[in-house]
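So this block is my_file.cif, mmCIF, C-alpha atoms:
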```cif
data_data
loop_
_atom_site.label_atom_id
_atom_site.label_comp_id
_atom_site.auth_asym_id
_atom_site.auth_seq_id
_atom_site.Cartn_x
_atom_site.Cartn_y
_atom_site.Cartn_z
CA MET A 1 -76.55 63.43 -50.29
CA LEU A 2 -74.98 65.78 -47.77
CA PRO A 3 -77.35 67.00 -45.06
CA PHE A 4 -76.88 70.69 -44.24
CA THR A 5 -77.96 72.72 -41.25
CA LEU A 6 -76.43 75.95 -42.56
CA THR A 7 -78.41 78.65 -44.28
CA SER A 8 -75.42 79.55 -46.42
CA LEU A 9 -72.14 77.91 -47.21
CA PHE A 10 -69.88 80.86 -46.57
CA SER A 11 -69.99 84.44 -45.45
CA SER A 12 -70.88 86.73 -48.34
CA SER A 13 -68.48 89.42 -47.18
CA SER A 14 -65.62 89.76 -49.63
CA SER A 15 -63.44 91.09 -46.83
CA SER A 16 -63.53 87.84 -44.86
CA SER A 17 -60.07 86.67 -43.96
CA CYS A 18 -58.56 83.47 -45.33
CA ARG A 19 -58.68 82.10 -41.80
CA ASN A 20 -62.45 82.68 -41.58
CA GLN A 21 -62.99 81.08 -44.98
CA MET A 22 -61.10 78.04 -43.81
CA GLY A 23 -63.18 77.90 -40.67
CA ASN A 24 -66.36 78.09 -42.68
CA LEU A 25 -65.17 75.28 -44.91
CA LEU A 26 -64.48 72.87 -42.10
CA LYS A 27 -67.75 73.83 -40.42
CA VAL A 28 -69.47 72.57 -43.55
CA LEU A 29 -67.16 69.62 -44.06
CA THR A 30 -68.22 67.97 -40.86
CA CYS A 31 -71.92 68.43 -41.54
CA THR A 32 -71.95 65.24 -43.49
CA GLU A 33 -73.04 61.68 -42.93
CA LEU A 34 -70.41 59.19 -44.01
CA GLU A 35 -70.87 55.48 -44.42
CA GLN A 36 -68.00 54.83 -42.05
CA GLY A 37 -68.47 57.79 -39.77
CA PRO A 38 -71.13 59.58 -37.77
CA ASN A 39 -72.92 62.79 -38.58
CA PHE A 40 -71.60 65.55 -36.36
CA PHE A 41 -71.11 69.28 -36.57
CA LEU A 42 -67.84 71.11 -36.03
CA ASP A 43 -67.88 74.89 -36.07
CA PHE A 44 -64.25 75.60 -36.89
CA GLU A 45 -64.96 79.26 -37.56
CA ASN A 46 -66.34 80.20 -34.17
CA ALA A 47 -64.90 77.42 -32.04
CA GLN A 48 -63.69 78.75 -28.71
CA ALA A 49 -61.53 76.75 -26.35
CA THR A 50 -63.40 75.42 -23.36
CA GLU A 51 -61.84 75.37 -19.92
CA GLY A 52 -60.83 71.77 -20.48
CA GLU A 53 -59.13 72.63 -23.78
CA ARG A 54 -57.50 75.84 -22.65
CA GLU A 55 -54.10 74.55 -21.56
CA VAL A 56 -53.42 72.56 -24.73
CA TRP A 57 -54.99 75.25 -26.93
CA ASN A 58 -52.68 77.91 -25.50
CA GLN A 59 -49.64 75.72 -26.05
CA VAL A 60 -50.53 74.98 -29.65
CA ASN A 61 -51.61 78.53 -30.39
CA ALA A 62 -48.21 79.82 -29.31
CA VAL A 63 -46.73 77.69 -32.09
CA LEU A 64 -49.32 78.48 -34.75
CA GLN A 65 -48.90 82.22 -34.16
CA ASP A 66 -45.40 81.94 -35.63
CA SER A 67 -46.41 79.87 -38.65
CA GLU A 68 -47.07 82.75 -41.03
CA SER A 69 -43.69 84.36 -40.32
CA ILE A 70 -42.03 81.00 -41.03
CA LEU A 71 -43.81 80.77 -44.38
CA THR A 72 -42.96 84.39 -45.21
CA GLY A 73 -39.30 83.74 -44.44
CA LEU A 74 -39.25 80.61 -46.57
CA GLN A 75 -40.97 82.35 -49.46
CA ALA A 76 -38.39 85.14 -49.37
CA TYR A 77 -35.47 82.70 -49.39
CA LYS A 78 -33.23 83.61 -52.33
CA GLY A 79 -30.13 81.53 -51.78
CA ALA A 80 -26.46 82.27 -52.41
CA GLY A 81 -26.05 80.37 -55.66
CA GLN A 82 -24.03 82.98 -57.54
CA GLU A 83 -21.69 83.69 -54.63
CA ILE A 84 -21.08 79.97 -54.14
CA ARG A 85 -20.38 79.41 -57.84
CA ASP A 86 -17.91 82.30 -57.90
CA ALA A 87 -16.12 80.91 -54.84
CA ILE A 88 -15.90 77.39 -56.25
CA GLN A 89 -14.63 78.59 -59.64
CA ASN A 90 -11.98 80.78 -57.99
CA PRO A 91 -10.71 78.75 -55.03
CA ASN A 92 -7.67 80.97 -54.47
CA ASP A 93 -9.58 84.25 -54.41
CA MET A 94 -10.13 84.85 -50.71
CA THR A 95 -12.36 87.83 -51.36
CA LEU A 96 -14.81 85.60 -53.21
CA GLN A 97 -14.49 82.91 -50.54
CA GLU A 98 -15.35 85.42 -47.86
CA ARG A 99 -18.23 86.84 -49.88
CA ALA A 100 -19.76 83.38 -50.33
CA TRP A 101 -19.29 82.54 -46.65
CA ASN A 102 -20.85 85.80 -45.50
CA SER A 103 -23.78 85.20 -47.82
CA VAL A 104 -24.37 81.63 -46.66
CA CYS A 105 -24.12 82.12 -42.90
CA PRO A 106 -27.29 84.23 -42.48
CA LEU A 107 -29.14 81.72 -44.66
CA VAL A 108 -28.04 78.84 -42.45
CA ILE A 109 -29.38 80.72 -39.42
CA LYS A 110 -32.73 80.99 -41.24
CA LEU A 111 -32.67 77.30 -42.05
CA LYS A 112 -32.05 76.53 -38.40
CA LYS A 113 -35.07 78.64 -37.48
CA PHE A 114 -37.28 76.66 -39.88
CA TYR A 115 -35.95 73.37 -38.55
CA SER A 116 -36.44 74.43 -34.94
CA PHE A 117 -40.03 75.35 -35.75
CA SER A 118 -40.61 71.80 -37.03
CA LEU A 119 -39.68 70.51 -33.57
CA ARG A 120 -42.17 72.87 -31.96
CA LEU A 121 -44.82 71.80 -34.45
CA GLU A 122 -44.11 68.16 -33.64
CA GLU A 123 -44.71 68.77 -29.95
CA ALA A 124 -47.92 70.66 -30.73
CA LEU A 125 -49.21 67.78 -32.83
CA ARG A 126 -48.46 65.27 -30.09
CA SER A 127 -50.37 67.38 -27.58
CA LEU A 128 -53.37 67.52 -29.90
CA LEU A 129 -53.27 63.80 -30.60
CA THR A 130 -53.17 63.09 -26.88
CA SER A 131 -56.23 65.26 -26.31
CA LEU A 132 -58.23 64.07 -29.34
CA THR A 133 -57.72 60.33 -28.87
CA CYS A 134 -57.69 59.67 -25.11
CA PRO A 135 -60.39 57.45 -23.54
CA PRO A 136 -63.14 57.29 -22.54
CA LEU A 137 -64.40 59.46 -25.41
CA THR A 138 -64.35 58.13 -28.97
CA PRO A 139 -62.44 60.10 -31.63
CA THR A 140 -65.77 61.33 -32.98
CA GLN A 141 -66.84 62.60 -29.58
CA HIS A 142 -63.48 64.33 -29.17
CA LEU A 143 -63.78 66.08 -32.52
CA GLU A 144 -67.32 67.13 -31.73
CA ARG A 145 -66.71 68.35 -28.19
CA GLU A 146 -63.19 69.75 -28.55
CA GLN A 147 -63.75 71.83 -31.64
CA ALA A 148 -61.05 74.39 -30.93
CA LEU A 149 -58.40 71.66 -30.79
CA ALA A 150 -59.75 70.03 -33.94
CA LYS A 151 -59.43 73.37 -35.70
CA GLN A 152 -55.79 73.64 -34.62
CA PHE A 153 -55.12 70.14 -35.90
CA ALA A 154 -56.35 71.16 -39.35
CA GLU A 155 -54.33 74.37 -39.25
CA ILE A 156 -51.13 72.42 -38.49
CA LEU A 157 -51.74 70.22 -41.53
CA HIS A 158 -52.50 73.24 -43.67
CA PHE A 159 -49.27 74.96 -42.65
CA THR A 160 -47.28 71.76 -43.16
CA LEU A 161 -48.38 71.26 -46.75
CA ARG A 162 -47.81 74.93 -47.56
CA PHE A 163 -44.28 74.79 -46.15
CA ASP A 164 -43.40 71.65 -48.07
CA GLU A 165 -44.84 72.98 -51.32
CA LEU A 166 -42.62 76.05 -51.01
CA LYS A 167 -39.55 74.07 -49.99
CA MET A 168 -39.80 71.78 -53.01
CA ARG A 169 -39.49 74.83 -55.26
CA ILE A 170 -36.28 76.09 -53.62
CA PRO A 171 -33.34 73.84 -54.56
CA ALA A 172 -31.03 76.57 -53.25
CA ILE A 173 -31.74 75.40 -49.71
CA GLN A 174 -29.86 72.14 -50.05
CA ASN A 175 -27.14 73.72 -52.20
CA ASP A 176 -26.51 76.45 -49.63
CA PHE A 177 -26.45 74.03 -46.73
CA SER A 178 -24.16 71.60 -48.54
CA TYR A 179 -21.70 74.41 -49.19
CA TYR A 180 -21.86 75.43 -45.54
CA ARG A 181 -21.12 71.90 -44.34
CA ARG A 182 -18.28 71.41 -46.82
CA THR A 183 -16.70 74.68 -45.80
CA ILE A 184 -16.94 73.91 -42.10
CA SER A 185 -15.62 70.37 -42.43
CA ARG A 186 -12.63 71.34 -44.58
CA ASN A 187 -11.84 74.32 -42.43
CA ARG A 188 -10.68 76.03 -45.59
CA ILE A 189 -11.53 79.52 -44.47
CA ASN A 190 -9.10 80.82 -41.90
CA ASN A 191 -9.21 84.03 -39.89
CA MET A 192 -12.90 84.40 -40.64
CA ASN A 193 -15.83 84.61 -38.28
CA LEU A 194 -16.81 81.04 -37.44
CA ASP A 195 -19.02 81.99 -34.53
CA ILE A 196 -21.86 80.42 -36.48
CA GLU A 197 -20.65 77.07 -35.19
CA ASN A 198 -21.98 78.15 -31.81
CA GLU A 199 -25.39 78.46 -33.48
CA VAL A 200 -25.18 75.43 -35.77
CA ASN A 201 -22.76 72.87 -34.40
CA ASN A 202 -22.00 69.57 -36.09
CA GLU A 203 -24.80 67.68 -34.35
CA MET A 204 -27.35 70.33 -35.28
CA ALA A 205 -26.01 70.40 -38.85
CA ASN A 206 -26.45 66.63 -39.14
CA ARG A 207 -30.07 66.84 -38.00
CA MET A 208 -30.79 69.76 -40.29
CA SER A 209 -29.21 67.92 -43.20
CA LEU A 210 -31.52 64.94 -42.71
CA PHE A 211 -34.51 67.27 -42.41
CA TYR A 212 -33.85 69.19 -45.63
CA ALA A 213 -32.94 66.04 -47.56
CA GLU A 214 -36.60 64.98 -47.35
CA ALA A 215 -38.85 65.87 -50.26
CA THR A 216 -41.50 67.03 -47.78
CA PRO A 217 -39.67 67.61 -44.49
CA MET A 218 -42.53 68.98 -42.40
CA LEU A 219 -44.83 66.12 -43.34
CA LYS A 220 -42.07 63.65 -42.62
CA THR A 221 -41.69 65.22 -39.18
CA LEU A 222 -45.42 64.93 -38.46
CA SER A 223 -45.61 61.39 -39.84
CA THR A 224 -42.78 60.28 -37.59
CA ALA A 225 -44.34 62.06 -34.63
CA THR A 226 -47.69 60.35 -35.23
CA THR A 227 -46.06 56.94 -35.58
CA ASN A 228 -44.09 57.49 -32.38
CA PHE A 229 -47.22 58.67 -30.60
CA VAL A 230 -48.99 55.40 -31.39
CA SER A 231 -46.02 53.19 -30.51
CA GLU A 232 -45.42 54.99 -27.21
CA ASN A 233 -49.08 54.78 -26.14
CA LYS A 234 -49.51 51.03 -26.28
CA THR A 235 -52.66 51.02 -24.14
CA LEU A 236 -54.43 53.38 -26.53
CA PRO A 237 -56.41 51.55 -29.23
CA LEU A 238 -54.92 52.21 -32.66
CA GLU A 239 -58.40 52.97 -34.02
CA ASN A 240 -58.62 56.01 -31.77
CA THR A 241 -55.97 57.63 -33.93
CA THR A 242 -56.73 56.15 -37.36
CA ASP A 243 -60.49 56.78 -37.17
CA CYS A 244 -59.87 60.44 -36.43
CA LEU A 245 -57.62 60.71 -39.49
CA SER A 246 -59.81 58.70 -41.87
CA THR A 247 -62.92 60.68 -40.96
CA MET A 248 -61.19 63.95 -41.80
CA ALA A 249 -59.94 62.56 -45.12
CA SER A 250 -63.37 61.24 -46.10
CA VAL A 251 -65.12 64.49 -45.27
CA CYS A 252 -62.65 66.54 -47.30
CA LYS A 253 -63.00 64.22 -50.28
CA VAL A 254 -66.80 64.46 -50.26
CA MET A 255 -66.67 68.25 -50.25
CA LEU A 256 -64.09 68.47 -53.03
CA GLU A 257 -65.84 66.01 -55.34
CA THR A 258 -69.27 67.61 -55.00
CA PRO A 259 -69.51 70.63 -57.37
CA GLU A 260 -72.69 71.79 -55.70
CA TYR A 261 -70.64 72.66 -52.65
CA SER A 262 -67.09 73.22 -53.92
CA SER A 263 -68.37 75.74 -56.48
CA ARG A 264 -69.54 77.95 -53.64
CA PHE A 265 -66.05 78.41 -52.21
CA ASN A 266 -65.30 82.10 -51.89
CA SER A 267 -61.64 81.75 -52.79
CA GLU A 268 -59.06 79.35 -54.14
CA ASP A 269 -57.39 79.45 -50.74
CA THR A 270 -60.39 77.65 -49.28
CA LEU A 271 -60.19 74.92 -51.89
CA LEU A 272 -56.46 74.51 -51.34
CA PHE A 273 -56.99 74.34 -47.60
CA CYS A 274 -59.37 71.44 -48.03
CA MET A 275 -56.96 69.57 -50.32
CA ARG A 276 -54.01 70.10 -47.99
CA VAL A 277 -55.89 68.84 -44.95
CA MET A 278 -57.06 65.78 -46.90
CA VAL A 279 -53.55 64.93 -48.10
CA GLY A 280 -52.07 65.56 -44.68
CA VAL A 281 -54.39 63.18 -42.84
CA ILE A 282 -53.96 60.53 -45.57
CA ILE A 283 -50.19 60.58 -45.08
CA LEU A 284 -50.47 60.39 -41.31
CA TYR A 285 -52.97 57.53 -41.60
CA ASP A 286 -50.66 55.68 -43.99
CA HIS A 287 -47.80 55.85 -41.51
CA VAL A 288 -49.87 54.86 -38.49
CA HIS A 289 -52.10 52.07 -39.82
CA PRO A 290 -50.28 48.72 -40.27
CA ASN A 291 -51.88 48.20 -43.69
CA GLY A 292 -51.62 51.82 -44.74
CA ALA A 293 -54.05 54.07 -46.59
CA PHE A 294 -53.80 52.38 -50.01
CA ASN A 295 -54.91 48.88 -49.01
CA LYS A 296 -58.40 47.77 -50.05
CA SER A 297 -59.30 47.46 -46.38
CA SER A 298 -58.44 51.10 -45.76
CA LYS A 299 -61.21 53.34 -44.44
CA ILE A 300 -60.02 56.02 -46.87
CA ASP A 301 -61.24 55.98 -50.47
CA MET A 302 -57.84 56.61 -52.03
CA LYS A 303 -59.07 56.40 -55.61
CA GLY A 304 -61.64 59.08 -54.89
CA CYS A 305 -59.15 61.27 -53.02
CA ILE A 306 -56.58 61.12 -55.82
CA LYS A 307 -59.26 61.78 -58.42
CA VAL A 308 -60.43 64.99 -56.76
CA LEU A 309 -56.82 66.19 -56.68
CA LYS A 310 -56.28 65.37 -60.35
CA ASP A 311 -59.45 67.23 -61.25
CA GLN A 312 -57.73 70.45 -60.15
CA PRO A 313 -55.21 72.42 -62.27
CA ALA A 314 -51.93 70.51 -62.41
CA ASP A 315 -49.79 73.35 -61.07
CA THR A 316 -52.10 73.66 -58.07
CA VAL A 317 -51.82 70.07 -56.91
CA GLU A 318 -48.31 69.08 -58.05
CA GLY A 319 -46.89 69.51 -54.56
CA LEU A 320 -49.76 67.57 -52.98
CA LEU A 321 -49.44 64.66 -55.40
CA ASN A 322 -45.68 64.61 -54.79
CA ALA A 323 -46.37 64.44 -51.07
CA LEU A 324 -48.50 61.34 -51.62
CA LYS A 325 -45.78 59.82 -53.80
CA PHE A 326 -42.76 60.53 -51.64
CA THR A 327 -43.98 60.86 -48.06
CA THR A 328 -46.33 57.90 -47.78
CA LYS A 329 -45.11 54.53 -46.54
CA HIS A 330 -47.27 51.90 -48.27
CA LEU A 331 -47.82 53.22 -51.81
CA ASN A 332 -45.46 50.67 -53.35
CA ASP A 333 -46.69 47.72 -51.30
CA GLU A 334 -47.89 44.70 -53.29
CA SER A 335 -51.29 45.10 -51.64
CA THR A 336 -51.75 48.53 -53.23
CA PRO A 337 -54.12 48.19 -56.21
CA LYS A 338 -52.37 48.78 -59.52
CA ASN A 339 -54.86 51.42 -60.58
CA ILE A 340 -53.96 53.48 -57.51
CA ARG A 341 -50.25 53.30 -58.27
CA THR A 342 -50.96 54.19 -61.90
CA MET A 343 -52.93 57.27 -60.86
CA LEU A 344 -49.92 58.59 -58.95
CA GLN A 345 -47.30 57.90 -61.66
#
```

Mind turning this structure into structure tokens?
Amino acid sequence: MLPFTLTSLFSSSSSSSCRNQMGNLLKVLTCTELEQGPNFFLDFENAQATEGEREVWNQVNAVLQDSESILTGLQAYKGAGQEIRDAIQNPNDMTLQERAWNSVCPLVIKLKKFYSFSLRLEEALRSLLTSLTCPPLTPTQHLEREQALAKQFAEILHFTLRFDELKMRIPAIQNDFSYYRRTISRNRINNMNLDIENEVNNEMANRMSLFYAEATPMLKTLSTATTNFVSENKTLPLENTTDCLSTMASVCKVMLETPEYSSRFNSEDTLLFCMRVMVGVIILYDHVHPNGAFNKSSKIDMKGCIKVLKDQPADTVEGLLNALKFTTKHLNDESTPKNIRTMLQ
């Protein structure tokens, strides 16, 4: 049974912003007593940065402020498929070659902007991990006392899953970038404006290519950043990081699987937020913990987490299930129970 100290689950105002709804959700999520975690209260709606949090909060907030414009730009991405097809089918028609090139170049600049934002997000995550795991406080004490930073951690995961869900629906991204790289490498277009190489040189193009080749590039970036954070901080107990992640996953699962509480969500956005945060911390945990998230010894109830996802409409969770399939590290290990692998097939 989930103990509550709130008089109501969410604000009754229909004009509440999505951000406030998300804050309300996580405020409730952490009002729970888990078998493997303490009972503590995080007010993610009204959390204000303390003096001790202010420097890191400002740094991370500067990144998060740009997240919506990144998502808007990605959502509006149309691609240059027709122009590229025309150019390929008519290789001697320089007008069509130029039209395709002029269509692709602005798109490549956009793709560079998205990639550059992933690097900023990576640095923001590392700053948060440093703050939320450093001794002498336990991860639980950090989450309880540094609520503004904990809120930002969840918002990074929420953005990351949203970005990757959108990217997986836009095959034009890789097609456009492949055409750009082929055109540059062959140097087939002469007397045309190649100033874009000052923006996206070969080294940058290689890194961008690896980024967009991933099924879920933002999650891959965060997973790598978390793994590197642990390996570079050898004096920091591993549990400081994994316990923070597993607690968040467990709390999200409990909320999603309990109709008494999930039915009170004011909007579908709130439900999706909870699922994205849960999936995000599972993936990070799986990359950081030596045995991963799927092992029987894992502190995360993977069967329960997958079940609550599959209980949602298929089109809602397709991207999240794909993230678990393609971005995790230990799913196909022999130690992963067969029923777990079957659930994700």

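Evaluated against this file, the PyMOL selection byres ((chain A and resi 119) around 12) yields Val63, Lys112, Lys113, Phe114, Tyr115, Ser116, Phe117, Ser118, Arg120, Leu121, Glu122, Glu123, Ala124, Leu125, Arg126, Arg207, Met208, Phe211, Pro217, Met218, Leu219, Lys220, Thr221, Leu222, Thr224 and Ala225 of chain A.
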
| task | Apply the PyMOL selection byres ((chain A and resi 240) around 12) to the displayed file and report the matching residues as number ranges by chain. | result | A: 129-143, 229-230, 233-239, 241-247, 285, 288-289

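For the pair atom CA of Glu144 of chain A and atom CA of Thr226 of chain A, the interatomic distance is 21.1 Å.
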
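If you measure from each of A:Arg182, A:Arg85, A:His330, A:Arg276 to Ala293 of chain A using only C-alpha atoms, the closest one turns out to be A:His330.
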
| query | So which residues touch Ser209 of chain A within 9 Å, counting all atoms listed in the file, skipping near sequence neighbours fewer than 5 positions away, as a ChimeraX atom specification? | reply | /A:174,177-178,204,214

| request: Evaluate the PyMOL selection byres ((chain A and resi 83) around 9) on the structure here and hand back the selected residues as an MDAnalysis selection string. | output: chainID A and resid 80:82 84:88 96:97 99:101 103:104

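Atom CA of Leu74 of chain A to atom CA of Glu155 of chain A spans 17.9 Å [interatomic distance, one decimal].
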
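You will find atom CA of Phe273 of chain A at 6.1 Å from atom CA of His158 of chain A.
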
Using only C-alpha atoms, which protein or nucleic acid residues come within 8 Å of Gln152 of chain A? Drop anything in the same chain fewer than 4 positions from it, and give the result as a PDB file with C-alpha atoms, in the frame of the given file.
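Final output, selection_20.pdb:
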```pdb
ATOM      1  CA  TRP A  57     -54.990  75.250 -26.930  1.00  0.00           C
ATOM      2  CA  VAL A  60     -50.530  74.980 -29.650  1.00  0.00           C
ATOM      3  CA  ASN A  61     -51.610  78.530 -30.390  1.00  0.00           C
ATOM      4  CA  ALA A 148     -61.050  74.390 -30.930  1.00  0.00           C
ATOM      5  CA  ILE A 156     -51.130  72.420 -38.490  1.00  0.00           C
TER       6      ILE A 156
END
```

Centre and size of axis-aligned box enclosing segment 111-114 of chain A plus 3 Å each side, as lines of an AutoDock Vina configuration file:
```
center_x = -34.7
center_y = 77.6
center_z = -39.8
size_x = 11.2
size_y = 8.1
size_z = 10.6
```

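Distance annotation: of A:Tyr77, A:Tyr180, A:Tyr212, A:Phe163, the residue with the minimal separation from Val108 of chain A is A:Tyr180; atom set is all atoms listed in the file.
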
| message | Under the rule that all atoms listed in the file are counted, which of A:Ser127, A:Lys338, A:Ala314, A:Leu320 is the nearest residue to Gln59 of chain A? | response | A:Ser127

| said: Would you pick out the contacts of Leu166 of chain A at 10 Å or less, using all atoms listed in the file, so that residues sharing its chain but fewer than 2 positions from it are not included, and give the list as a VMD selection string? | reply: chain A and resid 71 74 to 75 77 161 to 164 168 to 170 216 319

| request: Could you tell me which of A:Asp311, A:Glu146, A:Asp176, A:Glu165 comes closest to Leu256 of chain A if we count all atoms listed in the file? | output: A:Asp311

| Exercise: Asp195 of chain A partners within 12 Å, all atoms listed in the file, chain neighbours under 4 positions left out, as a PyMOL selection string | chain A and resi 102+105-106+109+184+191+199-201

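Protein, DNA and RNA residues at most 12 Å from (-57.7, 51.8, -54.9), with all atoms listed in the file, are these: A:Gly292, A:Ala293, A:Phe294, A:Asn295, A:Lys296, A:Ser297, A:Ser298, A:Lys299, A:Ile300, A:Asp301, A:Met302, A:Lys303, A:Gly304, A:Cys305, A:Ile306, A:Lys307, A:Leu331, A:Ser335, A:Thr336, A:Pro337, A:Lys338, A:Asn339, A:Ile340, A:Arg341, A:Thr342, A:Met343, A:Leu344.
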